[in-house]
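J.: Got a structure for you, written out below as structure tokens; questions coming shortly.
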Amino acid sequence: MGARTTTAPTPTGAEQNQARNGLEGAAHRFAPLWPLILGLAFGRAGLIVASYGSYTSTDEGIFTDGAMLVALVVLALFLVFIVLSKRTISKHVTNVIMRTCVALEAFVLMALAVFDLFGIGDEIERFALSSLCTLVSSGAIYYWLRRARGTSTTTAAVFVFAALIISEVEIYLCTLPVFAGNFVAAALVLLQYPCIIWARRQRQPHDVVSPTQANDYFGFSKTMLQSKQFLTATALGIGCLSIVIGLLRGYPDGTSIAFTPATRIAYAALTIGVSAALIVLVLKRRERVMTVGIFVIMELLACFALIAYAGFPDMLDIGAVFTTTLNALMVGFTWYVIIAFMSYGWRDPYYYAIAGWLVWLGCRAVARIALLAAHELFSNDMLMSAAMGTMVVLSTQVVFVQFLNITRRNAEEQEEQSARRQSMLNIMGLDEHESLADMRQASMKHNAEEMGKQFLLSDREIEVMALYALGYTQKRVAEELFITQGTAHAHIKRIYAKTGLHSRQEILDYLEQYAS
């Protein structure tokens, strides 16, 4: 973290070193996530190699979206079971499901490799294997997302986009002769087993200390999760954009678009670059990166794809670069939203994972299959482009309006609370100077309590932080709380360690910007 000019006391040498080595500190802080990141990457790589052809083209057509629809039917039945039985899947059953899914995913990849090596297996058998791989790899992905529940905004974003970056590298390495790529992918899939053991020996993801932003899915979901309006708006926004992705991946007639070596590298580089940029922005605590920001990026990618398709009708792979990057970012974003709802939802985590799959991949697959069926009967590329543009605008506007409504509602609630507090002060006969001082102290205490929840601070650490942020010296903090000065100093050091902040001013800034 870069140096900052403040009125706070000069940071110690240790604090200055921490500021200079911000990235190293972040790497150390998020080290417990590595088994989850690798496990999720291995799980996704198996799915993409088996059912998407390692992205040597936008996908494999019916073997991708048709197989996805078959898998979604099975997952939907499981979702109905969860809803009707009102049961929570036990940890033991979850582990059994995971081990079974990994074994079947590796089996499918090896079977496909044998088919390609010896030239056996008809289309029906391949479609069945693709459907099975889509189903079981989804189950493996759910396991890794489930392990990340309870995390913060920052931890979840780092987790999903780091996994996306690594999986893109793995998938590119599998763009070998088909049978060889499948064997390599099968080996990667089996590496999920040691990742499971490794993850159990690490600190839990929810113990990783990192901030949660108030204006974010993780902030909204704590108070708005049971709001059907919020859930519906989120689903509608993702669903509309997913339909656009389904149409773009098979533009204009529903068939897959093949990449050249150059555009395949361009797609991988663009996906990795955007994902890395999102991680950096989240680590820098940029507000609304994972809400409005990512939707703007995805909207722009959809627009660039439409322009490229129209501008280079004989080189559709140029537009496919933007399309496939958009698809990959939607994968990461959907993972992120699923973790948020898993963390604060009142149902079993599988419910939110499957519901997210049904909205995102269901809409995408239906749009693609519909395009394949309808293009033979009615072909109008200009009309289709206009329809996709409309869906892009609709998806983003629905989400933006919902976020604005939530922000407005929060502002109104804060206004009401402030008015009630001022009325109480007037009734008590406090003068204006006393009122402002008391209000500031009460506000600081409230913000410290909210920040304490985010970073799992103890009650005493919350008390110390509130006084410290008000400008109290360590000596005065000790006197106020009837503790020794050394104890107060130890509490402040622990607060710095848990929050990842490095000075009084940074604590104050965080309290004012994120905890209020």
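Lettering and numbering for the structure tokens are positional, with chains as A, B, ... in the shown order, residues counted from 1 in each chain, and ligands counted from 1 in the shown order.
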Please extract the residues of stretch 18-204 of chain A with a backbone DSSP assignment of helix (DSSP H, G or I) and present them as an mmCIF file with C-alpha atoms, in the first residue's frame.

T.:
data_model
loop_
_atom_site.group_PDB
_atom_site.id
_atom_site.type_symbol
_atom_site.label_atom_id
_atom_site.label_comp_id
_atom_site.auth_asym_id
_atom_site.auth_seq_id
_atom_site.Cartn_x
_atom_site.Cartn_y
_atom_site.Cartn_z
ATOM 1 C CA GLN A 18 4.112 -3.344 5.502
ATOM 2 C CA ALA A 19 3.002 -0.455 3.308
ATOM 3 C CA ARG A 20 5.906 -1.010 0.896
ATOM 4 C CA GLY A 22 1.429 -4.521 0.303
ATOM 5 C CA LEU A 23 1.276 -7.177 -2.394
ATOM 6 C CA GLU A 24 3.493 -9.529 -0.394
ATOM 7 C CA GLY A 25 1.256 -8.974 2.615
ATOM 8 C CA ALA A 26 -1.827 -9.750 0.524
ATOM 9 C CA ALA A 27 -0.182 -12.907 -0.829
ATOM 10 C CA HIS A 28 0.566 -14.060 2.712
ATOM 11 C CA ARG A 29 -2.915 -13.163 3.934
ATOM 12 C CA ALA A 31 -2.276 -18.096 1.285
ATOM 13 C CA PRO A 32 -4.949 -20.352 2.920
ATOM 14 C CA LEU A 33 -7.012 -19.955 -0.266
ATOM 15 C CA TRP A 34 -4.513 -21.758 -2.507
ATOM 16 C CA PRO A 35 -5.987 -25.259 -2.177
ATOM 17 C CA LEU A 36 -9.438 -23.865 -2.946
ATOM 18 C CA ILE A 37 -8.167 -21.791 -5.868
ATOM 19 C CA LEU A 38 -6.355 -24.751 -7.416
ATOM 20 C CA GLY A 39 -9.211 -27.160 -6.714
ATOM 21 C CA LEU A 40 -11.750 -24.880 -8.390
ATOM 22 C CA ALA A 41 -9.398 -24.327 -11.330
ATOM 23 C CA PHE A 42 -8.851 -28.077 -11.795
ATOM 24 C CA GLY A 43 -12.596 -28.729 -11.645
ATOM 25 C CA ARG A 44 -13.389 -26.088 -14.253
ATOM 26 C CA ALA A 45 -10.547 -27.197 -16.534
ATOM 27 C CA GLY A 46 -12.002 -30.708 -16.751
ATOM 28 C CA LEU A 47 -15.396 -29.333 -17.735
ATOM 29 C CA ILE A 48 -14.032 -27.002 -20.430
ATOM 30 C CA VAL A 49 -11.736 -29.620 -21.972
ATOM 31 C CA ALA A 50 -14.414 -32.335 -22.112
ATOM 32 C CA SER A 51 -17.500 -30.332 -23.117
ATOM 33 C CA TYR A 52 -16.102 -27.135 -24.634
ATOM 34 C CA GLY A 53 -13.172 -28.486 -26.652
ATOM 35 C CA SER A 54 -10.559 -26.530 -24.643
ATOM 36 C CA TYR A 55 -11.921 -23.355 -26.236
ATOM 37 C CA GLY A 61 -22.244 -26.619 -30.017
ATOM 38 C CA ILE A 62 -24.773 -29.255 -29.013
ATOM 39 C CA PHE A 63 -22.103 -31.111 -27.028
ATOM 40 C CA ASP A 65 -25.170 -26.335 -24.491
ATOM 41 C CA GLY A 66 -27.243 -29.445 -25.230
ATOM 42 C CA ALA A 67 -25.289 -31.396 -22.610
ATOM 43 C CA MET A 68 -25.706 -28.470 -20.208
ATOM 44 C CA LEU A 69 -29.495 -28.630 -20.563
ATOM 45 C CA VAL A 70 -29.468 -32.353 -19.751
ATOM 46 C CA ALA A 71 -27.300 -31.730 -16.668
ATOM 47 C CA LEU A 72 -29.533 -28.841 -15.563
ATOM 48 C CA VAL A 73 -32.598 -31.083 -15.635
ATOM 49 C CA VAL A 74 -30.923 -33.445 -13.154
ATOM 50 C CA LEU A 75 -29.739 -30.535 -11.006
ATOM 51 C CA ALA A 76 -33.230 -29.019 -11.054
ATOM 52 C CA LEU A 77 -34.650 -32.273 -9.664
ATOM 53 C CA PHE A 78 -32.079 -32.138 -6.868
ATOM 54 C CA LEU A 79 -33.086 -28.520 -6.216
ATOM 55 C CA VAL A 80 -36.740 -29.530 -5.909
ATOM 56 C CA PHE A 81 -35.727 -32.221 -3.425
ATOM 57 C CA ILE A 82 -33.862 -29.660 -1.299
ATOM 58 C CA VAL A 83 -36.814 -27.258 -1.325
ATOM 59 C CA LEU A 84 -39.513 -29.833 -0.573
ATOM 60 C CA SER A 85 -37.556 -31.723 2.071
ATOM 61 C CA LYS A 91 -20.865 -32.546 5.569
ATOM 62 C CA HIS A 92 -20.393 -36.310 5.159
ATOM 63 C CA VAL A 93 -22.808 -36.494 2.207
ATOM 64 C CA THR A 94 -21.167 -33.424 0.658
ATOM 65 C CA ASN A 95 -17.756 -35.101 0.848
ATOM 66 C CA VAL A 96 -19.111 -38.309 -0.690
ATOM 67 C CA ILE A 97 -20.707 -36.343 -3.542
ATOM 68 C CA MET A 98 -17.429 -34.511 -4.153
ATOM 69 C CA ARG A 99 -15.261 -37.642 -4.257
ATOM 70 C CA THR A 100 -17.734 -39.317 -6.614
ATOM 71 C CA CYS A 101 -17.889 -36.282 -8.907
ATOM 72 C CA VAL A 102 -14.093 -36.058 -9.212
ATOM 73 C CA ALA A 103 -13.802 -39.777 -10.022
ATOM 74 C CA LEU A 104 -16.526 -39.597 -12.677
ATOM 75 C CA GLU A 105 -15.100 -36.400 -14.195
ATOM 76 C CA ALA A 106 -11.693 -38.062 -14.613
ATOM 77 C CA PHE A 107 -13.349 -41.209 -15.989
ATOM 78 C CA VAL A 108 -15.240 -39.241 -18.656
ATOM 79 C CA LEU A 109 -12.078 -37.438 -19.772
ATOM 80 C CA MET A 110 -10.142 -40.697 -20.060
ATOM 81 C CA ALA A 111 -13.024 -42.326 -21.945
ATOM 82 C CA LEU A 112 -13.120 -39.445 -24.417
ATOM 83 C CA ALA A 113 -9.348 -39.711 -24.817
ATOM 84 C CA VAL A 114 -9.673 -43.418 -25.656
ATOM 85 C CA PHE A 115 -12.491 -42.649 -28.110
ATOM 86 C CA ASP A 116 -10.311 -40.117 -29.935
ATOM 87 C CA LEU A 117 -7.170 -42.258 -29.816
ATOM 88 C CA PHE A 118 -8.825 -45.307 -31.383
ATOM 89 C CA GLU A 123 -22.210 -39.078 -31.361
ATOM 90 C CA ILE A 124 -24.800 -40.408 -28.923
ATOM 91 C CA GLU A 125 -22.129 -41.935 -26.698
ATOM 92 C CA ARG A 126 -20.053 -38.760 -26.826
ATOM 93 C CA PHE A 127 -23.081 -36.643 -26.006
ATOM 94 C CA ALA A 128 -23.891 -38.868 -23.031
ATOM 95 C CA LEU A 129 -20.310 -38.553 -21.743
ATOM 96 C CA SER A 130 -20.378 -34.779 -22.253
ATOM 97 C CA SER A 131 -23.646 -34.541 -20.298
ATOM 98 C CA LEU A 132 -22.230 -36.670 -17.477
ATOM 99 C CA CYS A 133 -19.053 -34.579 -17.329
ATOM 100 C CA THR A 134 -21.085 -31.358 -17.214
ATOM 101 C CA LEU A 135 -23.139 -32.726 -14.320
ATOM 102 C CA VAL A 136 -20.310 -34.086 -12.172
ATOM 103 C CA SER A 137 -17.916 -31.196 -12.823
ATOM 104 C CA SER A 138 -20.691 -28.861 -11.698
ATOM 105 C CA GLY A 139 -20.889 -30.872 -8.484
ATOM 106 C CA ALA A 140 -17.131 -30.522 -7.976
ATOM 107 C CA ILE A 141 -17.287 -26.770 -8.573
ATOM 108 C CA TYR A 142 -20.129 -26.475 -6.030
ATOM 109 C CA TYR A 143 -17.918 -28.134 -3.426
ATOM 110 C CA TRP A 144 -15.172 -25.531 -3.790
ATOM 111 C CA LEU A 145 -17.641 -22.647 -3.781
ATOM 112 C CA ARG A 146 -19.287 -24.126 -0.683
ATOM 113 C CA ARG A 147 -15.952 -24.181 1.154
ATOM 114 C CA THR A 153 -15.961 -9.249 -0.495
ATOM 115 C CA THR A 154 -12.211 -9.177 -0.998
ATOM 116 C CA THR A 155 -11.538 -12.828 -0.190
ATOM 117 C CA ALA A 156 -14.327 -14.084 -2.465
ATOM 118 C CA ALA A 157 -13.206 -11.908 -5.397
ATOM 119 C CA VAL A 158 -9.566 -12.961 -5.040
ATOM 120 C CA PHE A 159 -10.637 -16.608 -4.801
ATOM 121 C CA VAL A 160 -12.891 -16.776 -7.875
ATOM 122 C CA PHE A 161 -10.785 -14.677 -10.257
ATOM 123 C CA ALA A 162 -7.487 -16.257 -9.238
ATOM 124 C CA ALA A 163 -9.092 -19.645 -9.940
ATOM 125 C CA LEU A 164 -10.368 -18.317 -13.278
ATOM 126 C CA ILE A 165 -6.877 -17.149 -14.257
ATOM 127 C CA ILE A 166 -5.225 -20.465 -13.357
ATOM 128 C CA SER A 167 -7.926 -22.493 -15.106
ATOM 129 C CA GLU A 168 -7.404 -20.471 -18.301
ATOM 130 C CA VAL A 169 -3.693 -21.382 -18.237
ATOM 131 C CA GLU A 170 -4.560 -25.051 -17.668
ATOM 132 C CA ILE A 171 -7.117 -25.075 -20.465
ATOM 133 C CA TYR A 172 -4.644 -23.519 -22.878
ATOM 134 C CA LEU A 173 -2.099 -26.211 -21.984
ATOM 135 C CA VAL A 178 -7.574 -34.011 -28.541
ATOM 136 C CA PHE A 179 -6.764 -37.367 -26.934
ATOM 137 C CA ALA A 180 -3.617 -35.959 -25.270
ATOM 138 C CA GLY A 181 -5.495 -32.906 -23.987
ATOM 139 C CA ASN A 182 -8.133 -35.144 -22.424
ATOM 140 C CA PHE A 183 -5.499 -37.260 -20.649
ATOM 141 C CA VAL A 184 -3.811 -34.134 -19.281
ATOM 142 C CA ALA A 185 -7.169 -32.754 -18.132
ATOM 143 C CA ALA A 186 -7.976 -36.059 -16.400
ATOM 144 C CA ALA A 187 -4.705 -35.830 -14.469
ATOM 145 C CA LEU A 188 -5.517 -32.236 -13.464
ATOM 146 C CA VAL A 189 -8.992 -33.250 -12.320
ATOM 147 C CA LEU A 190 -7.552 -35.959 -10.044
ATOM 148 C CA GLN A 192 -8.547 -32.127 -6.669
ATOM 149 C CA TYR A 193 -8.128 -35.018 -4.199
ATOM 150 C CA PRO A 194 -4.849 -33.708 -2.685
ATOM 151 C CA CYS A 195 -6.357 -30.209 -2.763
ATOM 152 C CA ILE A 196 -9.189 -31.454 -0.521
ATOM 153 C CA ILE A 197 -6.671 -32.786 2.012
ATOM 154 C CA TRP A 198 -4.589 -29.628 1.748
ATOM 155 C CA ALA A 199 -7.640 -27.416 2.304
ATOM 156 C CA ARG A 200 -8.507 -29.233 5.533
ATOM 157 C CA ARG A 201 -5.087 -28.407 6.957
#

J.: Distance atom CA of A:Gln474-atom CA of A:Gly486, one decimal place?

T.: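 Pair atom CA of A:Gln474 / atom CA of A:Gly486 returns 8.6 Å.
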
J.: When you look at stretch 232-237 of chain A with a cut-off of 9 Å (counting only C-alpha atoms), what residues show up, excluding the ones that are within fewer than 4 positions of it in the same chain? I need them as a PyMOL selection string.

T.: chain A and resi 227-228+241-242+356+359-360+392+394-399+402

J.: List the spatial neighbours of A:Met451 as a list in words - criterion: any atom at most 9 Å away, only C-alpha atoms, same-chain residues fewer than 2 positions off excluded.

T.: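 Selected residues are Pro211, Thr212, His446, Asn447, Ala448, Glu449, Lys453, Gln454, Phe455, Leu456, Leu457, Ile462, Thr499, Tyr510, Leu511, Tyr514, Ala515 and Ser516 of chain A.
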
J.: Export, as a compact mmCIF listing (two decimals), in the first residue's frame, the selected residues with all heavy atoms.

T.:
# COMPACT_ATOMS: atom_id res chain seq x y z
N PRO A 211 -11.54 -6.95 4.10
CA PRO A 211 -12.75 -6.13 4.24
C PRO A 211 -13.91 -6.60 3.38
O PRO A 211 -13.73 -7.18 2.32
CB PRO A 211 -12.28 -4.74 3.82
CG PRO A 211 -11.11 -4.98 2.94
CD PRO A 211 -10.44 -6.21 3.45
N THR A 212 -15.12 -6.33 3.89
CA THR A 212 -16.35 -6.50 3.12
C THR A 212 -16.94 -5.13 2.89
O THR A 212 -17.11 -4.36 3.83
CB THR A 212 -17.36 -7.39 3.87
OG1 THR A 212 -16.95 -8.74 3.79
CG2 THR A 212 -18.75 -7.27 3.26
N HIS A 446 -20.69 2.91 16.79
CA HIS A 446 -21.49 2.05 15.92
C HIS A 446 -20.65 1.52 14.77
O HIS A 446 -20.68 0.33 14.44
CB HIS A 446 -22.68 2.84 15.37
CG HIS A 446 -23.41 2.13 14.26
ND1 HIS A 446 -24.24 1.06 14.46
CD2 HIS A 446 -23.39 2.34 12.91
CE1 HIS A 446 -24.72 0.64 13.32
NE2 HIS A 446 -24.22 1.40 12.35
N ASN A 447 -19.88 2.42 14.12
CA ASN A 447 -19.05 2.00 12.99
C ASN A 447 -17.99 0.99 13.42
O ASN A 447 -17.66 0.05 12.69
CB ASN A 447 -18.38 3.21 12.36
CG ASN A 447 -19.37 4.09 11.63
OD1 ASN A 447 -20.53 3.72 11.44
ND2 ASN A 447 -18.95 5.28 11.23
N ALA A 448 -17.42 1.22 14.61
CA ALA A 448 -16.43 0.27 15.12
C ALA A 448 -17.04 -1.10 15.35
O ALA A 448 -16.42 -2.13 15.08
CB ALA A 448 -15.83 0.80 16.43
N GLU A 449 -18.28 -1.14 15.82
CA GLU A 449 -18.96 -2.43 16.02
C GLU A 449 -19.19 -3.13 14.69
O GLU A 449 -19.01 -4.35 14.58
CB GLU A 449 -20.29 -2.20 16.74
CG GLU A 449 -20.13 -1.79 18.20
CD GLU A 449 -21.45 -1.39 18.84
OE1 GLU A 449 -22.46 -1.27 18.08
OE2 GLU A 449 -21.48 -1.20 20.06
N LYS A 453 -17.45 -6.72 13.38
CA LYS A 453 -18.12 -7.91 12.84
C LYS A 453 -17.41 -8.39 11.57
O LYS A 453 -17.29 -9.59 11.34
CB LYS A 453 -19.58 -7.58 12.53
CG LYS A 453 -20.43 -7.27 13.75
CD LYS A 453 -21.84 -6.87 13.33
CE LYS A 453 -22.69 -6.45 14.53
NZ LYS A 453 -24.02 -5.97 14.10
N GLN A 454 -16.98 -7.43 10.75
CA GLN A 454 -16.34 -7.80 9.49
C GLN A 454 -15.00 -8.48 9.70
O GLN A 454 -14.64 -9.40 8.96
CB GLN A 454 -16.14 -6.53 8.63
CG GLN A 454 -17.44 -5.89 8.18
CD GLN A 454 -17.21 -4.57 7.47
OE1 GLN A 454 -16.11 -4.29 7.04
NE2 GLN A 454 -18.25 -3.76 7.38
N PHE A 455 -14.25 -8.03 10.71
CA PHE A 455 -12.90 -8.54 10.91
C PHE A 455 -12.78 -9.44 12.14
O PHE A 455 -11.68 -9.79 12.56
CB PHE A 455 -11.91 -7.38 11.03
CG PHE A 455 -11.74 -6.60 9.77
CD1 PHE A 455 -12.34 -5.37 9.60
CD2 PHE A 455 -10.99 -7.11 8.73
CE1 PHE A 455 -12.18 -4.65 8.43
CE2 PHE A 455 -10.82 -6.40 7.55
CZ PHE A 455 -11.43 -5.16 7.40
N LEU A 456 -13.93 -9.82 12.73
CA LEU A 456 -13.95 -10.74 13.88
C LEU A 456 -13.11 -10.20 15.05
O LEU A 456 -12.33 -10.94 15.66
CB LEU A 456 -13.45 -12.13 13.46
CG LEU A 456 -14.21 -12.78 12.28
CD1 LEU A 456 -13.57 -14.11 11.93
CD2 LEU A 456 -15.67 -12.95 12.61
N LEU A 457 -13.27 -8.92 15.33
CA LEU A 457 -12.57 -8.32 16.47
C LEU A 457 -13.28 -8.67 17.77
O LEU A 457 -14.51 -8.84 17.80
CB LEU A 457 -12.51 -6.80 16.31
CG LEU A 457 -11.83 -6.24 15.05
CD1 LEU A 457 -11.86 -4.72 15.07
CD2 LEU A 457 -10.40 -6.73 14.93
N ILE A 462 -12.85 -3.76 19.86
CA ILE A 462 -13.79 -2.78 19.29
C ILE A 462 -13.80 -1.51 20.13
O ILE A 462 -13.79 -0.39 19.61
CB ILE A 462 -15.21 -3.40 19.21
CG1 ILE A 462 -15.24 -4.51 18.14
CG2 ILE A 462 -16.25 -2.33 18.89
CD1 ILE A 462 -16.52 -5.31 18.13
N THR A 499 -7.05 -6.38 10.61
CA THR A 499 -7.68 -5.59 9.55
C THR A 499 -6.80 -5.38 8.34
O THR A 499 -7.29 -5.04 7.26
CB THR A 499 -8.10 -4.21 10.09
OG1 THR A 499 -6.93 -3.50 10.54
CG2 THR A 499 -9.08 -4.35 11.25
N TYR A 510 -11.39 3.84 6.84
CA TYR A 510 -12.19 2.63 6.62
C TYR A 510 -13.53 2.73 7.36
O TYR A 510 -14.58 2.39 6.82
CB TYR A 510 -11.43 1.39 7.11
CG TYR A 510 -12.12 0.11 6.72
CD1 TYR A 510 -11.80 -0.53 5.54
CD2 TYR A 510 -13.13 -0.43 7.52
CE1 TYR A 510 -12.45 -1.69 5.15
CE2 TYR A 510 -13.79 -1.57 7.14
CZ TYR A 510 -13.45 -2.21 5.95
OH TYR A 510 -14.12 -3.33 5.57
N LEU A 511 -13.48 3.23 8.60
CA LEU A 511 -14.70 3.39 9.39
C LEU A 511 -15.68 4.31 8.68
O LEU A 511 -16.89 4.04 8.64
CB LEU A 511 -14.37 3.93 10.78
CG LEU A 511 -13.72 2.95 11.76
CD1 LEU A 511 -13.17 3.69 12.97
CD2 LEU A 511 -14.71 1.89 12.20
N TYR A 514 -16.53 2.50 4.73
CA TYR A 514 -17.07 1.15 4.55
C TYR A 514 -17.93 0.66 5.71
O TYR A 514 -18.86 -0.11 5.51
CB TYR A 514 -15.93 0.16 4.33
CG TYR A 514 -15.06 0.50 3.16
CD1 TYR A 514 -13.75 0.94 3.34
CD2 TYR A 514 -15.56 0.44 1.87
CE1 TYR A 514 -12.95 1.28 2.27
CE2 TYR A 514 -14.77 0.77 0.78
CZ TYR A 514 -13.47 1.19 0.99
OH TYR A 514 -12.70 1.51 -0.09
N ALA A 515 -17.60 1.05 6.92
CA ALA A 515 -18.32 0.49 8.06
C ALA A 515 -19.57 1.27 8.40
O ALA A 515 -20.44 0.79 9.11
CB ALA A 515 -17.40 0.44 9.29
N SER A 516 -19.66 2.51 7.92
CA SER A 516 -20.81 3.35 8.28
C SER A 516 -22.06 2.92 7.53
O SER A 516 -21.98 2.34 6.48
CB SER A 516 -20.50 4.80 7.98
OG SER A 516 -20.22 4.98 6.62

J.: Report, in Å with one decimal, the straight-line distance from atom CA of A:Thr487 to atom CA of A:Glu506.

T.: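 These two atoms are separated by 21.5 Å.
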
J.: State, in Å with one decimal place, the distance from atom CA of A:Met330 to atom CA of A:Arg249.

T.: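 Atom-to-atom, atom CA of A:Met330 and atom CA of A:Arg249 are spaced 13.3 Å apart.
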
J.: Nearest to A:Val296 among A:Met342, A:Val331, A:Ile483, A:Leu326, with distances taken over only C-alpha atoms: which residue is it?

T.: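 Between A:Met342, A:Val331, A:Ile483, A:Leu326, the residue approaching A:Val296 most closely is A:Leu326.
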
J.: If you count only C-alpha atoms, which residues fall within 12 Å of A:Tyr472, apart from same-chain ones fewer than 3 positions away, as a list in words?

T.: Ala8, Pro9, Gln441, Glu463, Val464, Met465, Ala466, Leu467, Tyr468, Ala469, Lys475, Arg476, Val477, Ala478, Glu479, Glu480, Leu481, Ala488, Ile492 and Arg504 of chain A

J.: Find the residue from A:Ser443, A:Val280, A:Asp207, A:Leu306 that sits nearest to A:Ala387; use only C-alpha atoms when measuring.

T.: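 Distance minimum relative to A:Ala387 lands on A:Leu306.
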
J.: Please provide the set of residues having any atom within 12 Å of A:Val289, restricted to only C-alpha atoms, with same-chain residues fewer than 4 positions apart removed, written as a PyMOL selection string.

T.: chain A and resi 153-154+157+213+215-217+275+277-285+293-297+333

J.: Keeping N, CA and C atoms for every residue in the selection just given, could you write it to a file as a PDB file, in the first residue's frame?

T.:
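As written to disk, result_16.pdb reads:
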ATOM      1  N   THR A 153     -16.012  -9.729   0.885  1.00  0.00           N
ATOM      2  CA  THR A 153     -15.961  -9.249  -0.495  1.00  0.00           C
ATOM      3  C   THR A 153     -14.601  -9.518  -1.129  1.00  0.00           C
ATOM      4  N   THR A 154     -13.562  -9.088  -0.440  1.00  0.00           N
ATOM      5  CA  THR A 154     -12.211  -9.177  -0.998  1.00  0.00           C
ATOM      6  C   THR A 154     -11.773 -10.622  -1.167  1.00  0.00           C
ATOM      7  N   ALA A 157     -13.635 -12.377  -4.074  1.00  0.00           N
ATOM      8  CA  ALA A 157     -13.206 -11.908  -5.397  1.00  0.00           C
ATOM      9  C   ALA A 157     -11.825 -12.447  -5.754  1.00  0.00           C
ATOM     10  N   GLN A 213     -17.235  -4.810   1.642  1.00  0.00           N
ATOM     11  CA  GLN A 213     -17.796  -3.505   1.334  1.00  0.00           C
ATOM     12  C   GLN A 213     -19.296  -3.507   1.574  1.00  0.00           C
ATOM     13  N   ASN A 215     -21.572  -1.584   0.042  1.00  0.00           N
ATOM     14  CA  ASN A 215     -22.314  -1.507  -1.223  1.00  0.00           C
ATOM     15  C   ASN A 215     -21.877  -2.624  -2.162  1.00  0.00           C
ATOM     16  N   ASP A 216     -22.150  -3.852  -1.766  1.00  0.00           N
ATOM     17  CA  ASP A 216     -21.678  -5.017  -2.498  1.00  0.00           C
ATOM     18  C   ASP A 216     -22.629  -6.167  -2.197  1.00  0.00           C
ATOM     19  N   TYR A 217     -22.553  -7.226  -2.994  1.00  0.00           N
ATOM     20  CA  TYR A 217     -23.437  -8.364  -2.759  1.00  0.00           C
ATOM     21  C   TYR A 217     -23.284  -8.904  -1.339  1.00  0.00           C
ATOM     22  N   SER A 275      -9.302 -10.281 -15.471  1.00  0.00           N
ATOM     23  CA  SER A 275      -9.453 -10.916 -14.158  1.00  0.00           C
ATOM     24  C   SER A 275      -8.427 -10.388 -13.165  1.00  0.00           C
ATOM     25  N   ALA A 277      -6.944  -7.477 -13.299  1.00  0.00           N
ATOM     26  CA  ALA A 277      -7.295  -6.089 -13.001  1.00  0.00           C
ATOM     27  C   ALA A 277      -8.400  -6.012 -11.952  1.00  0.00           C
ATOM     28  N   LEU A 278      -9.371  -6.897 -12.039  1.00  0.00           N
ATOM     29  CA  LEU A 278     -10.449  -6.913 -11.044  1.00  0.00           C
ATOM     30  C   LEU A 278      -9.909  -7.241  -9.655  1.00  0.00           C
ATOM     31  N   ILE A 279      -8.975  -8.197  -9.576  1.00  0.00           N
ATOM     32  CA  ILE A 279      -8.374  -8.541  -8.290  1.00  0.00           C
ATOM     33  C   ILE A 279      -7.651  -7.336  -7.696  1.00  0.00           C
ATOM     34  N   VAL A 280      -6.870  -6.653  -8.524  1.00  0.00           N
ATOM     35  CA  VAL A 280      -6.116  -5.482  -8.045  1.00  0.00           C
ATOM     36  C   VAL A 280      -7.067  -4.395  -7.560  1.00  0.00           C
ATOM     37  N   LEU A 281      -8.127  -4.133  -8.301  1.00  0.00           N
ATOM     38  CA  LEU A 281      -9.079  -3.093  -7.911  1.00  0.00           C
ATOM     39  C   LEU A 281      -9.774  -3.438  -6.597  1.00  0.00           C
ATOM     40  N   VAL A 282     -10.115  -4.699  -6.424  1.00  0.00           N
ATOM     41  CA  VAL A 282     -10.753  -5.111  -5.167  1.00  0.00           C
ATOM     42  C   VAL A 282      -9.775  -4.973  -4.005  1.00  0.00           C
ATOM     43  N   LEU A 283      -8.510  -5.367  -4.217  1.00  0.00           N
ATOM     44  CA  LEU A 283      -7.505  -5.236  -3.160  1.00  0.00           C
ATOM     45  C   LEU A 283      -7.260  -3.769  -2.803  1.00  0.00           C
ATOM     46  N   LYS A 284      -7.441  -2.878  -3.778  1.00  0.00           N
ATOM     47  CA  LYS A 284      -7.293  -1.452  -3.519  1.00  0.00           C
ATOM     48  C   LYS A 284      -8.564  -0.844  -2.932  1.00  0.00           C
ATOM     49  N   ARG A 285      -9.562  -1.693  -2.689  1.00  0.00           N
ATOM     50  CA  ARG A 285     -10.818  -1.296  -2.044  1.00  0.00           C
ATOM     51  C   ARG A 285     -11.599  -0.277  -2.858  1.00  0.00           C
ATOM     52  N   GLY A 293     -19.288  -2.051 -11.474  1.00  0.00           N
ATOM     53  CA  GLY A 293     -18.079  -2.099 -12.289  1.00  0.00           C
ATOM     54  C   GLY A 293     -18.018  -3.302 -13.204  1.00  0.00           C
ATOM     55  N   ILE A 294     -18.239  -4.484 -12.661  1.00  0.00           N
ATOM     56  CA  ILE A 294     -18.105  -5.691 -13.482  1.00  0.00           C
ATOM     57  C   ILE A 294     -19.228  -5.786 -14.519  1.00  0.00           C
ATOM     58  N   PHE A 295     -20.400  -5.257 -14.192  1.00  0.00           N
ATOM     59  CA  PHE A 295     -21.472  -5.267 -15.186  1.00  0.00           C
ATOM     60  C   PHE A 295     -21.143  -4.329 -16.349  1.00  0.00           C
ATOM     61  N   VAL A 296     -20.518  -3.191 -16.050  1.00  0.00           N
ATOM     62  CA  VAL A 296     -20.107  -2.274 -17.113  1.00  0.00           C
ATOM     63  C   VAL A 296     -19.084  -2.956 -18.021  1.00  0.00           C
ATOM     64  N   ILE A 297     -18.118  -3.668 -17.415  1.00  0.00           N
ATOM     65  CA  ILE A 297     -17.096  -4.361 -18.204  1.00  0.00           C
ATOM     66  C   ILE A 297     -17.750  -5.406 -19.104  1.00  0.00           C
ATOM     67  N   PHE A 333     -18.113 -14.098 -12.118  1.00  0.00           N
ATOM     68  CA  PHE A 333     -19.107 -13.279 -11.427  1.00  0.00           C
ATOM     69  C   PHE A 333     -20.201 -14.142 -10.801  1.00  0.00           C
TER      70      PHE A 333
END
